[in-house]
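The file target01.txt contains compact mmCIF, C-alpha atoms:
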# COMPACT_ATOMS: atom_id res chain seq x y z
CA MET A 353 3.37 -8.07 -16.46
CA LEU A 354 2.79 -6.33 -13.16
CA GLY A 355 4.16 -8.69 -10.53
CA ARG A 356 2.96 -9.61 -7.06
CA LEU A 357 2.37 -6.83 -4.60
CA ASN A 358 5.14 -8.08 -2.33
CA HIS A 359 4.55 -5.52 0.41
CA VAL A 360 3.44 -2.05 1.39
CA GLY A 361 6.19 -0.11 3.11
CA VAL A 362 4.92 1.76 6.16
CA ALA A 363 7.26 4.23 7.86
CA THR A 364 7.05 4.46 11.63
CA PRO A 365 8.91 6.33 14.33
CA SER A 366 8.78 3.13 16.42
CA ILE A 367 8.65 -0.40 15.11
CA GLU A 368 7.87 -1.64 18.60
CA LYS A 369 4.78 0.55 18.85
CA SER A 370 3.72 -0.39 15.33
CA ILE A 371 4.09 -4.09 16.14
CA ALA A 372 1.77 -3.58 19.09
CA LEU A 373 -0.70 -1.80 16.79
CA TYR A 374 -0.75 -4.51 14.13
CA ARG A 375 -0.83 -7.31 16.72
CA ASP A 376 -3.26 -5.94 19.29
CA MET A 377 -5.46 -3.65 17.21
CA LEU A 378 -5.51 -5.36 13.80
CA GLY A 379 -4.96 -8.94 14.90
CA ALA A 380 -1.77 -9.81 13.04
CA THR A 381 -0.57 -13.24 14.11
CA LYS A 382 2.60 -13.61 12.05
CA ILE A 383 5.06 -10.84 12.80
CA HIS A 384 8.68 -11.50 11.89
CA GLU A 385 11.72 -10.50 13.94
CA PRO A 386 12.84 -6.92 13.26
CA PHE A 387 16.29 -6.52 11.76
CA ASP A 388 18.63 -3.76 10.65
CA LEU A 389 19.24 -3.05 6.97
CA PRO A 390 22.16 -0.63 7.17
CA PRO A 391 22.68 -0.10 3.40
CA GLN A 392 19.18 1.37 3.22
CA GLY A 393 19.30 3.16 6.56
CA VAL A 394 16.26 1.40 7.95
CA ARG A 395 15.26 -1.08 10.59
CA VAL A 396 12.68 -3.49 9.15
CA CYS A 397 9.87 -5.68 10.42
CA PHE A 398 7.57 -7.71 8.18
CA VAL A 399 3.96 -8.31 9.20
CA ASP A 400 2.23 -11.02 7.19
CA THR A 401 -1.23 -10.87 5.74
CA PRO A 402 -2.55 -14.05 4.10
CA ASN A 403 -1.54 -12.80 0.65
CA SER A 404 1.09 -10.09 1.15
CA GLN A 405 3.03 -8.19 3.78
CA ILE A 406 3.29 -4.87 5.53
CA GLU A 407 6.92 -3.79 5.85
CA LEU A 408 7.35 -1.60 8.91
CA ILE A 409 10.41 0.62 8.50
CA GLU A 410 12.02 2.78 11.15
CA PRO A 411 14.99 5.13 10.65
CA LEU A 412 18.40 3.58 11.22
CA GLY A 413 21.25 6.04 11.64
CA GLU A 414 21.55 9.76 11.13
CA ASN A 415 21.47 9.56 7.36
CA SER A 416 18.35 7.44 7.09
CA PRO A 417 16.14 8.56 4.20
CA LEU A 418 13.19 8.15 6.55
CA HIS A 419 14.03 11.18 8.68
CA GLY A 420 12.65 13.53 6.04
CA PHE A 421 9.51 11.47 5.60
CA LEU A 422 8.87 11.36 9.35
CA ALA A 423 9.51 15.10 9.65
CA ARG A 424 6.59 15.57 7.24
CA ASN A 425 4.57 12.69 8.76
CA PRO A 426 5.48 12.43 12.44
CA ALA A 427 3.01 9.62 13.15
CA GLY A 428 4.32 7.59 10.22
CA GLY A 429 2.44 6.58 7.09
CA GLN A 430 2.51 4.77 3.79
CA HIS A 431 5.99 5.11 2.33
CA HIS A 432 6.19 2.86 -0.76
CA VAL A 433 4.69 -0.12 -2.55
CA CYS A 434 6.81 -3.04 -3.72
CA PHE A 435 6.07 -5.13 -6.79
CA GLU A 436 7.99 -8.24 -7.74
CA VAL A 437 9.87 -8.55 -11.03
CA PRO A 438 11.61 -11.61 -12.48
CA ASP A 439 14.91 -9.83 -13.22
CA ILE A 440 16.01 -6.59 -11.58
CA HIS A 441 18.49 -5.56 -14.25
CA ALA A 442 15.94 -6.07 -17.01
CA ALA A 443 13.40 -4.12 -14.97
CA LYS A 444 15.82 -1.24 -14.44
CA ALA A 445 16.67 -1.09 -18.13
CA GLU A 446 13.00 -1.18 -19.07
CA MET A 447 12.02 1.56 -16.62
CA GLU A 448 14.81 3.80 -17.85
CA ALA A 449 14.03 3.09 -21.49
CA LYS A 450 10.49 4.23 -20.79
CA GLY A 451 11.73 7.43 -19.22
CA ALA A 452 11.32 6.71 -15.52
CA LYS A 453 13.97 7.85 -13.04
CA VAL A 454 15.50 4.91 -11.18
CA LEU A 455 17.13 5.89 -7.90
CA GLY A 456 20.61 4.40 -7.94
CA GLU A 457 21.82 0.92 -8.74
CA PRO A 458 20.19 -2.35 -7.68
CA ARG A 459 21.04 -3.28 -4.10
CA ILE A 460 20.08 -6.07 -1.78
CA GLY A 461 16.69 -5.43 -0.19
CA ALA A 462 14.94 -6.65 2.91
CA HIS A 463 14.08 -10.02 1.39
CA GLY A 464 17.67 -10.67 0.34
CA THR A 465 17.15 -10.13 -3.38
CA PRO A 466 18.11 -7.04 -5.40
CA VAL A 467 15.73 -4.11 -5.50
CA ILE A 468 15.46 -0.71 -7.15
CA PHE A 469 13.31 2.29 -6.34
CA VAL A 470 11.57 4.34 -9.01
CA HIS A 471 11.02 8.04 -8.41
CA PRO A 472 7.47 9.01 -7.40
CA LYS A 473 7.41 11.78 -10.02
CA ASP A 474 7.18 9.09 -12.71
CA MET A 475 4.87 6.80 -10.72
CA GLY A 476 1.83 8.96 -10.01
CA GLY A 477 3.26 10.24 -6.75
CA VAL A 478 3.95 6.75 -5.42
CA LEU A 479 7.45 5.63 -4.47
CA VAL A 480 7.65 2.24 -6.22
CA GLU A 481 10.09 -0.47 -5.21
CA LEU A 482 10.75 -3.26 -7.68
CA MET A 483 12.13 -6.42 -6.12
CA GLU A 484 13.50 -9.51 -7.79
CA THR A 485 11.31 -12.45 -6.80
CA PRO A 486 13.12 -14.76 -4.39
CA LYS A 487 13.96 -17.99 -6.18
CA GLU A 488 12.40 -20.25 -3.57
CA ALA A 489 9.28 -18.16 -3.01
CA HIS A 490 5.64 -18.56 -3.90
CA MET B 1246 -6.45 -12.25 12.50
CA LEU B 1247 -5.22 -9.67 10.04
CA GLY B 1248 -7.07 -10.39 6.81
CA ARG B 1249 -6.00 -10.27 3.18
CA LEU B 1250 -4.49 -7.06 1.89
CA ASN B 1251 -7.36 -6.54 -0.53
CA HIS B 1252 -5.92 -3.44 -2.14
CA VAL B 1253 -3.82 -0.32 -1.85
CA GLY B 1254 -5.80 2.81 -2.58
CA VAL B 1255 -3.88 5.23 -4.80
CA ALA B 1256 -5.29 8.70 -5.33
CA THR B 1257 -4.80 10.24 -8.75
CA PRO B 1258 -5.89 13.43 -10.48
CA SER B 1259 -6.57 11.34 -13.60
CA ILE B 1260 -7.54 7.67 -13.69
CA GLU B 1261 -6.94 7.64 -17.43
CA LYS B 1262 -3.36 8.80 -17.03
CA SER B 1263 -2.80 6.35 -14.17
CA ILE B 1264 -4.17 3.49 -16.26
CA ALA B 1265 -1.64 4.36 -18.94
CA LEU B 1266 1.10 4.38 -16.30
CA TYR B 1267 0.21 0.99 -14.82
CA ARG B 1268 -0.35 -0.55 -18.25
CA ASP B 1269 2.51 0.91 -20.27
CA MET B 1270 5.14 1.55 -17.62
CA LEU B 1271 4.51 -1.22 -15.08
CA GLY B 1272 3.03 -3.84 -17.39
CA ALA B 1273 -0.38 -4.38 -15.81
CA THR B 1274 -2.44 -6.68 -17.99
CA LYS B 1275 -5.71 -6.85 -16.04
CA ILE B 1276 -7.22 -3.43 -15.58
CA HIS B 1277 -10.93 -3.31 -14.78
CA GLU B 1278 -13.44 -0.81 -16.14
CA PRO B 1279 -13.52 2.42 -14.15
CA PHE B 1280 -16.80 3.22 -12.41
CA ASP B 1281 -18.30 5.93 -10.22
CA LEU B 1282 -18.88 5.37 -6.52
CA PRO B 1283 -20.98 8.44 -5.64
CA PRO B 1284 -21.51 7.67 -1.93
CA GLN B 1285 -17.77 7.89 -1.42
CA GLY B 1286 -17.19 10.75 -3.85
CA VAL B 1287 -14.72 8.82 -5.97
CA ARG B 1288 -14.32 7.29 -9.38
CA VAL B 1289 -12.62 3.90 -9.07
CA CYS B 1290 -10.49 1.63 -11.22
CA PHE B 1291 -9.00 -1.64 -10.01
CA VAL B 1292 -5.67 -2.83 -11.37
CA ASP B 1293 -4.90 -6.47 -10.61
CA THR B 1294 -1.63 -7.85 -9.39
CA PRO B 1295 -1.35 -11.65 -9.13
CA ASN B 1296 -2.16 -11.52 -5.41
CA SER B 1297 -3.88 -8.20 -4.72
CA GLN B 1298 -5.05 -4.98 -6.35
CA ILE B 1299 -4.23 -1.33 -6.74
CA GLU B 1300 -7.38 0.78 -6.44
CA LEU B 1301 -7.00 3.96 -8.45
CA ILE B 1302 -9.30 6.65 -7.09
CA GLU B 1303 -10.08 10.01 -8.65
CA PRO B 1304 -12.26 12.75 -7.15
CA LEU B 1305 -15.95 12.55 -8.06
CA GLY B 1306 -17.94 15.72 -7.39
CA GLU B 1307 -17.18 18.90 -5.52
CA ASN B 1308 -17.37 17.30 -2.10
CA SER B 1309 -15.01 14.44 -2.81
CA PRO B 1310 -12.75 13.73 0.16
CA LEU B 1311 -9.91 13.39 -2.33
CA HIS B 1312 -9.73 17.10 -3.14
CA GLY B 1313 -7.88 17.80 0.09
CA PHE B 1314 -5.49 14.91 -0.45
CA LEU B 1315 -4.70 16.02 -3.99
CA ALA B 1316 -4.22 19.62 -2.86
CA ARG B 1317 -1.43 18.31 -0.62
CA ASN B 1318 -0.23 15.75 -3.20
CA PRO B 1319 -0.98 17.15 -6.67
CA ALA B 1320 0.60 14.20 -8.48
CA GLY B 1321 -1.40 11.70 -6.44
CA GLY B 1322 -0.07 9.13 -4.01
CA GLN B 1323 -0.79 6.29 -1.62
CA HIS B 1324 -4.12 7.06 0.04
CA HIS B 1325 -5.17 4.02 2.09
CA VAL B 1326 -4.68 0.30 2.59
CA CYS B 1327 -7.61 -2.11 2.72
CA PHE B 1328 -7.66 -5.30 4.75
CA GLU B 1329 -10.45 -7.86 4.59
CA VAL B 1330 -12.51 -8.79 7.64
CA PRO B 1331 -15.13 -11.54 7.96
CA ASP B 1332 -17.83 -9.28 9.50
CA ILE B 1333 -17.84 -5.50 9.22
CA HIS B 1334 -20.06 -4.87 12.22
CA ALA B 1335 -17.94 -7.06 14.45
CA ALA B 1336 -14.83 -5.32 13.13
CA LYS B 1337 -16.30 -1.87 13.83
CA ALA B 1338 -17.27 -2.86 17.36
CA GLU B 1339 -13.84 -4.35 18.01
CA MET B 1340 -12.00 -1.30 16.67
CA GLU B 1341 -14.09 1.03 18.79
CA ALA B 1342 -13.74 -1.16 21.88
CA LYS B 1343 -9.98 -0.91 21.44
CA GLY B 1344 -10.17 2.85 21.23
CA ALA B 1345 -9.79 3.48 17.51
CA LYS B 1346 -11.85 6.15 15.77
CA VAL B 1347 -14.05 4.66 13.05
CA LEU B 1348 -15.14 7.20 10.45
CA GLY B 1349 -18.90 6.88 10.13
CA GLU B 1350 -21.10 3.86 9.67
CA PRO B 1351 -20.43 0.88 7.39
CA ARG B 1352 -21.30 1.61 3.78
CA ILE B 1353 -21.03 -0.27 0.53
CA GLY B 1354 -17.54 -0.09 -0.89
CA ALA B 1355 -16.04 -0.53 -4.32
CA HIS B 1356 -16.26 -4.33 -4.18
CA GLY B 1357 -19.95 -4.27 -3.26
CA THR B 1358 -19.50 -5.30 0.36
CA PRO B 1359 -19.65 -3.05 3.43
CA VAL B 1360 -16.54 -1.16 4.48
CA ILE B 1361 -15.40 1.16 7.24
CA PHE B 1362 -12.45 3.51 7.46
CA VAL B 1363 -10.34 3.84 10.61
CA HIS B 1364 -8.71 7.18 11.38
CA PRO B 1365 -4.98 7.38 10.60
CA LYS B 1366 -4.28 8.85 14.04
CA ASP B 1367 -4.98 5.43 15.54
CA MET B 1368 -3.31 3.46 12.72
CA GLY B 1369 0.26 4.78 12.70
CA GLY B 1370 -0.57 7.51 10.22
CA VAL B 1371 -2.15 5.11 7.73
CA LEU B 1372 -5.77 5.46 6.63
CA VAL B 1373 -7.04 1.89 7.02
CA GLU B 1374 -10.09 0.56 5.23
CA LEU B 1375 -11.66 -2.63 6.53
CA MET B 1376 -13.79 -4.46 3.99
CA GLU B 1377 -16.08 -7.40 4.48
CA THR B 1378 -14.77 -10.28 2.37
CA PRO B 1379 -17.03 -10.92 -0.64
CA LYS B 1380 -18.85 -14.19 -0.11
CA GLU B 1381 -17.85 -15.69 -3.45
CA ALA B 1382 -14.26 -14.52 -3.37
CA HIS B 1383 -10.91 -16.24 -2.96
Can you give me the file's structure in the form of structure tokens?
Amino acid sequence: MLGRLNHVGVATPSIEKSIALYRDMLGATKIHEPFDLPPQGVRVCFVDTPNSQIELIEPLGENSPLHGFLARNPAGGQHHVCFEVPDIHAAKAEMEAKGAKVLGEPRIGAHGTPVIFVHPKDMGGVLVELMETPKEAH
Amino acid sequence: MLGRLNHVGVATPSIEKSIALYRDMLGATKIHEPFDLPPQGVRVCFVDTPNSQIELIEPLGENSPLHGFLARNPAGGQHHVCFEVPDIHAAKAEMEAKGAKVLGEPRIGAHGTPVIFVHPKDMGGVLVELMETPKEAH
């Protein structure tokens, strides 16, 4: 079944400015420490809501996949949605069996568990991340 | 504080096709009946995740605000995020006091409680809906 909406990925040219926005304008009280995720070419900061998270992502390095997105959306914007799955390899096989294009092999995501991304062309224009549920979570 | 992530609004040219996608491809098991929301110019269908919802929205009528979005994103895509607030009028006043542009007056949203939309230019490029928490919910 469709798993938890783990987070909404929001691209930003500046995590620091976005932190100020979510804290001062929207009243977020639990904002985690930003950290680099070099394999994905992003710097990441999670902002908690009571039931889910916003994942702020900023380009990291020249080859970051976010540069293209921010060229089209200079102020930032919604970049992807992430649903949890129990097993990433099973999820990848199932997506591919159903004809969806999975972008690359599973790799470790921002929550430390393996993730895959499914191409927006097969997901109604939405870049969908599938993330293996952390064992200790929820 | 930042309230629950009530839903992610996903624009689609066809709710029926998107229902098939979320059901058959992503395994959604709780998909609500679609309904028209004429004041907002959209047809709506909620898809449940264990902790939140995807709100599928399709243009309703010639003046639907979604026509422009779908002209730029023909396949559909992430349209807005909706956070809950305890009091919509207090939220509107607070947003405006902090300098954010609120789009119009509160009106009844898809969950039957009043909502406002805050302009993406003040929200890091994200169209943000604020929705008064239903009294019986959660």
Determine, using only C-alpha atoms, which residues of chain B have any atom at most 6 Å from an atom of chain A, and tabulate each with its shortest atom pair and distance in Å to one decimal place, rows ordered by chain and then rising number, as a Markdown table.
| residue | atom | partner | partner_atom | distance |
| --- | --- | --- | --- | --- |
| B:Met1246 | CA | A:Gly379 | CA | 4.4 |
| B:Leu1247 | CA | A:Ala380 | CA | 4.6 |
| B:Gly1248 | CA | A:Thr401 | CA | 6.0 |
| B:Arg1249 | CA | A:Pro402 | CA | 5.2 |
| B:Leu1271 | CA | A:Leu354 | CA | 5.7 |
| B:Gly1272 | CA | A:Met353 | CA | 4.3 |
| B:Ala1273 | CA | A:Leu354 | CA | 4.6 |
| B:Thr1294 | CA | A:Arg356 | CA | 5.4 |
| B:Pro1295 | CA | A:Arg356 | CA | 5.2 |
| B:Asn1296 | CA | A:Arg356 | CA | 5.7 |
| B:Ala1320 | CA | A:Gly477 | CA | 5.1 |
| B:Gly1321 | CA | A:Gly477 | CA | 4.9 |
| B:Gly1322 | CA | A:Gly477 | CA | 4.5 |
| B:Gly1369 | CA | A:Gly428 | CA | 5.5 |
| B:Gly1370 | CA | A:Gly429 | CA | 4.4 |
| B:Val1371 | CA | A:Gly429 | CA | 4.9 |
Original post:
By how many Å are atom CA of A:Glu481 and atom CA of A:Gly464 apart?
Top reply: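 Result for atom CA of A:Glu481 versus atom CA of A:Gly464: 13.9 Å, one decimal.
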**OP:** Please provide the set of residues having any atom within 10 Å of stretch 1277-1283 of chain B, restricted to only C-alpha atoms, with same-chain residues fewer than 4 positions apart removed, written as a PyMOL selection string.
**Re:** chain B and resi 1260-1261+1264+1287-1293+1300-1306+1309+1353-1355
